[in-house]
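Contents: one structure, followed by commentary.
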Amino acid sequence: MPQPNLYLINGEDEFLKKEETKKIEDALFSSPTQKDFNYAVFDAREADIEEIIKLARFLPWQVSRRLIVVNNIEYLKSHQRDVLISYLKHPSSHTILVLTSTKIDRREKLYQAISKAGRIINIRLSSWRVEQWIKQEFRKYGKEISPADSSLLKEKVGTDIQSLNQNIAKLILYTGERKEIKREDIEDVVSKSNLNTVFDLTTAIGKKDKKSALNILNNLFYQGKKIGEIMGMLFWQINRLQRGKRILEHGERERLTQELNISSFYVDDFINSTDNFSFSELKKDIGLLAEADLQIKRGLTKPEIILEILVLKLCQTSLDKP
């Protein structure tokens, strides 16, 4: 089957999106020289879409097709989307255009135009798949990790594949010739700051501790965490708190590890976190997160400021204990 001329790679994990792009790149270019002359990457927040389309019309050098990647297309303005949609009606046969997004509405004209003209790759990793991926990565280096310890690693690092990849590399070096990755290795090697930030942030919000919440948020900025990653962490954790409270209402503590993939080492901490929120507050918090996400996508204010205001609003929300 011939390679399509258009791809949309959609999802929150930047590492996996880059891996998908790399597969397309490797299938197209056989040498660094070919890539140097026929590969271009743009960010939709800064690039001129008309100039990108002009480049797409140029003939490639020494290869059948050139490769153009346009990241973050959800930030394209209305007129830019119209220009891109017009191109997609008659795309260049000698250019592969790869578009990436964190989240794009399937009802939008742009999404529909892409679905008609090319291939859409949705990047989604469930907690179970993350743990399977962790096992596979260790096996590449001849190492084994138990399901419980795989879950512990995921809990400590989170579901960001790039962060997991970095910590797996550290564990491989740390354990040397030993084949088994143990709980003690994870406790020794993996930085606690990775997971504690999301738990500490939601805990500080639950306690209405504005000062601590802002300090934790600024620490995330300092660590270089991306805005989308922080928002995703908050959405993920608040959603888990909602589900966890429903499970605990029925007195089924053991379901927390089964349905929410919470390591047994963190169950007590998680239960304490659910006590800081009522159902009504969690519902309001989801609404505040959605509103902040929309403001960030509109790009009218610096994302860091929007997040700081969001955290202050979350700390002000009334806590109605059931």
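In the structure tokens, chains take the letters A, B, ... in the order shown, each chain's residues start at 1, and ligands count up from 1 in the order shown.
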* Show which residues sit within 12 Å of Ala169 of chain A, as a list in words. Count only C-alpha atoms, and ignore same-chain residues fewer than 4 positions away. => Ile134, Glu137, Phe138, Lys140, Tyr141, Lys143, Gln162, Ser163, Leu164, Asn165, Leu173, Tyr174, Thr175, Gly176, Ile181, Ile186, Val189 and Val190 of chain A
Write the residues of the preceding selection, restricted to C-alpha atoms, as a short mmCIF file (atom, residue, chain, number, x, y, z; two decimals), in the first residue's frame.
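Written out: again04.cif:
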data_model
loop_
_atom_site.label_atom_id
_atom_site.label_comp_id
_atom_site.auth_asym_id
_atom_site.auth_seq_id
_atom_site.Cartn_x
_atom_site.Cartn_y
_atom_site.Cartn_z
CA ILE A 134 7.36 -0.17 30.46
CA GLU A 137 11.25 -1.29 27.18
CA PHE A 138 13.03 -3.15 29.98
CA LYS A 140 14.77 -4.70 25.13
CA TYR A 141 17.73 -4.54 27.52
CA LYS A 143 15.60 -6.89 32.15
CA GLN A 162 9.47 10.79 27.48
CA SER A 163 9.84 11.06 31.27
CA LEU A 164 9.33 7.31 31.61
CA ASN A 165 11.93 6.66 28.92
CA LEU A 173 22.37 1.94 34.25
CA TYR A 174 21.77 1.72 38.00
CA THR A 175 21.06 -2.02 38.04
CA GLY A 176 24.00 -2.93 35.82
CA ILE A 181 14.21 -4.29 38.43
CA ILE A 186 12.78 2.56 41.75
CA VAL A 189 16.65 6.16 41.40
CA VAL A 190 13.40 7.83 40.38
#
Quick one: residues within 12 Å of Gly224 of chain A, only C-alpha atoms counted, chain neighbours fewer than 5 positions away excluded, as a PDB file with N, CA and C atoms, in the first residue's frame?
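part18.pdb, written as the output of this step:
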ATOM      1  N   SER A 163       9.337  11.132  29.899  1.00  0.00           N
ATOM      2  CA  SER A 163       9.844  11.057  31.275  1.00  0.00           C
ATOM      3  C   SER A 163      10.081   9.611  31.687  1.00  0.00           C
ATOM      4  N   ASN A 194       8.690  13.987  40.275  1.00  0.00           N
ATOM      5  CA  ASN A 194       7.863  13.745  39.097  1.00  0.00           C
ATOM      6  C   ASN A 194       6.400  13.545  39.455  1.00  0.00           C
ATOM      7  N   LEU A 217       3.297  24.992  41.446  1.00  0.00           N
ATOM      8  CA  LEU A 217       3.101  25.321  40.034  1.00  0.00           C
ATOM      9  C   LEU A 217       4.352  25.974  39.452  1.00  0.00           C
ATOM     10  N   ASN A 218       4.927  26.923  40.185  1.00  0.00           N
ATOM     11  CA  ASN A 218       6.140  27.589  39.701  1.00  0.00           C
ATOM     12  C   ASN A 218       7.311  26.615  39.623  1.00  0.00           C
ATOM     13  N   ASN A 219       7.319  25.621  40.525  1.00  0.00           N
ATOM     14  CA  ASN A 219       8.346  24.591  40.461  1.00  0.00           C
ATOM     15  C   ASN A 219       8.205  23.758  39.184  1.00  0.00           C
ATOM     16  N   GLU A 229       1.072  19.532  29.461  1.00  0.00           N
ATOM     17  CA  GLU A 229       1.335  18.418  30.367  1.00  0.00           C
ATOM     18  C   GLU A 229       0.771  18.705  31.758  1.00  0.00           C
ATOM     19  N   ILE A 230       0.941  19.942  32.236  1.00  0.00           N
ATOM     20  CA  ILE A 230       0.417  20.308  33.558  1.00  0.00           C
ATOM     21  C   ILE A 230      -1.100  20.232  33.563  1.00  0.00           C
ATOM     22  N   GLU A 304       1.129  30.726  31.240  1.00  0.00           N
ATOM     23  CA  GLU A 304       1.562  30.649  32.635  1.00  0.00           C
ATOM     24  C   GLU A 304       0.642  31.469  33.545  1.00  0.00           C
TER      25      GLU A 304
END
* d(atom CA of Leu153 of chain A, atom CA of Glu308 of chain A) in Å ->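 Pair atom CA of Leu153 of chain A / atom CA of Glu308 of chain A returns 28.9 Å.
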* Which of segment 89-218 of chain A counts as helix (DSSP H, G or I) under DSSP, as a PyMOL selection string please? -> chain A and resi 89+109-117+127-140+147-157+161-175+183-189+193-206+210-218
* Asked: Which of these residues is nearest to Leu152 of chain A, using only C-alpha atoms: A:Asp293, A:Ala56, A:Phe235, A:Thr257?
  -> A:Thr257
Spatial neighbours of Ile120 of chain A, 7 Å, only C-alpha atoms, chain gap at least 4 places, as an mmCIF file with N, CA and C atoms, in the first residue's frame:
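Result saved to part22.cif:
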data_model
loop_
_atom_site.group_PDB
_atom_site.id
_atom_site.type_symbol
_atom_site.label_atom_id
_atom_site.label_comp_id
_atom_site.auth_asym_id
_atom_site.auth_seq_id
_atom_site.Cartn_x
_atom_site.Cartn_y
_atom_site.Cartn_z
ATOM 1 N N TYR A 7 -0.892 13.141 6.861
ATOM 2 C CA TYR A 7 -1.135 12.500 8.153
ATOM 3 C C TYR A 7 -1.548 13.565 9.166
ATOM 4 N N LEU A 8 -2.425 13.177 10.060
ATOM 5 C CA LEU A 8 -2.667 13.947 11.280
ATOM 6 C C LEU A 8 -2.320 13.029 12.444
ATOM 7 N N ILE A 9 -1.357 13.442 13.259
ATOM 8 C CA ILE A 9 -0.982 12.693 14.458
ATOM 9 C C ILE A 9 -1.515 13.468 15.648
ATOM 10 N N SER A 115 -9.503 14.100 7.367
ATOM 11 C CA SER A 115 -9.970 12.704 7.361
ATOM 12 C C SER A 115 -10.309 12.230 5.951
#
Neighbours of Ile52 of chain A within 12 Å (only C-alpha atoms; same-chain residues fewer than 3 positions away dropped), as a short mmCIF file (atom, residue, chain, number, x, y, z; two decimals) with C-alpha atoms, in the first residue's frame?
data_model
loop_
_atom_site.label_atom_id
_atom_site.label_comp_id
_atom_site.auth_asym_id
_atom_site.auth_seq_id
_atom_site.Cartn_x
_atom_site.Cartn_y
_atom_site.Cartn_z
CA TYR A 39 12.67 17.84 5.44
CA ALA A 40 11.19 20.88 7.20
CA VAL A 41 9.47 21.30 10.59
CA PHE A 42 7.20 24.22 11.52
CA ASP A 43 5.16 25.31 14.53
CA ALA A 44 1.64 26.49 13.62
CA GLU A 46 4.56 30.97 14.51
CA ALA A 47 4.73 29.76 10.91
CA ASP A 48 3.15 31.29 7.80
CA ILE A 49 0.82 28.62 6.42
CA LEU A 55 7.26 24.84 -0.05
CA ALA A 56 4.96 21.83 -0.42
CA ARG A 57 4.58 22.66 -4.12
CA PHE A 58 8.36 22.58 -4.75
CA LEU A 67 8.46 15.75 4.16
CA ILE A 68 6.90 18.75 5.89
CA VAL A 69 5.79 18.61 9.54
CA VAL A 70 3.49 21.26 11.01
CA GLN A 80 -5.08 29.95 8.13
CA VAL A 83 -5.92 28.21 3.40
CA LEU A 84 -4.90 24.74 4.58
CA TYR A 87 -4.65 23.03 -0.18
CA SER A 92 0.95 18.12 -3.85
CA THR A 95 5.09 16.15 -0.56
CA LEU A 97 2.47 16.68 4.95
CA VAL A 98 2.39 15.62 8.61
CA LEU A 99 0.17 17.68 10.91
#
* Residues at most 8 Å from segment 25-35 of chain A, counting only C-alpha atoms, excluding those fewer than 2 positions away in the same chain, as a ChimeraX atom specification? -> /A:21-23,37-39,61-63,65,67
Only C-alpha atoms, please: the residues just picked out, written as a PDB file, in the first residue's frame.
ATOM      1  CA  THR A  21       6.781  11.155  12.736  1.00  0.00           C
ATOM      2  CA  LYS A  22      10.159   9.374  12.873  1.00  0.00           C
ATOM      3  CA  LYS A  23       8.601   6.239  11.352  1.00  0.00           C
ATOM      4  CA  PHE A  37      17.359  18.919   1.577  1.00  0.00           C
ATOM      5  CA  ASN A  38      13.814  17.609   1.820  1.00  0.00           C
ATOM      6  CA  TYR A  39      12.672  17.845   5.444  1.00  0.00           C
ATOM      7  CA  TRP A  61      15.727  16.712  -4.412  1.00  0.00           C
ATOM      8  CA  GLN A  62      16.875  13.134  -5.162  1.00  0.00           C
ATOM      9  CA  VAL A  63      13.822  11.555  -3.498  1.00  0.00           C
ATOM     10  CA  ARG A  65       8.678  13.115  -1.976  1.00  0.00           C
ATOM     11  CA  LEU A  67       8.462  15.748   4.160  1.00  0.00           C
TER      12      LEU A  67
END
* Which residue, A:Arg183, A:Lys313, A:Lys54, A:Lys225, has the smallest gap to Glu281 of chain A when you use only C-alpha atoms? ->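 Counting only C-alpha atoms, the residue closest to Glu281 of chain A is A:Lys313.
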* Lys116 of chain A: which residues within 12 Å, counting only C-alpha atoms, same-chain residues fewer than 6 positions away excluded, as a ChimeraX atom specification? -> /A:4-8,85,88-91,109-110
Got a sec to tell me which of segment 138-305 of chain A DSSP assigns to strand (DSSP E), as a PDB file with C-alpha atoms, in the first residue's frame?
ATOM      1  CA  GLU A 144      12.347  -7.841  33.854  1.00  0.00           C
ATOM      2  CA  ILE A 145       9.983  -5.877  36.081  1.00  0.00           C
ATOM      3  CA  GLU A 180      15.408  -7.829  37.736  1.00  0.00           C
ATOM      4  CA  ILE A 181      14.207  -4.291  38.433  1.00  0.00           C
TER       5      ILE A 181
END
* Between atom CA of Gln132 of chain A and atom CA of Met233 of chain A - distance in Å to one decimal -> 20.5 Å
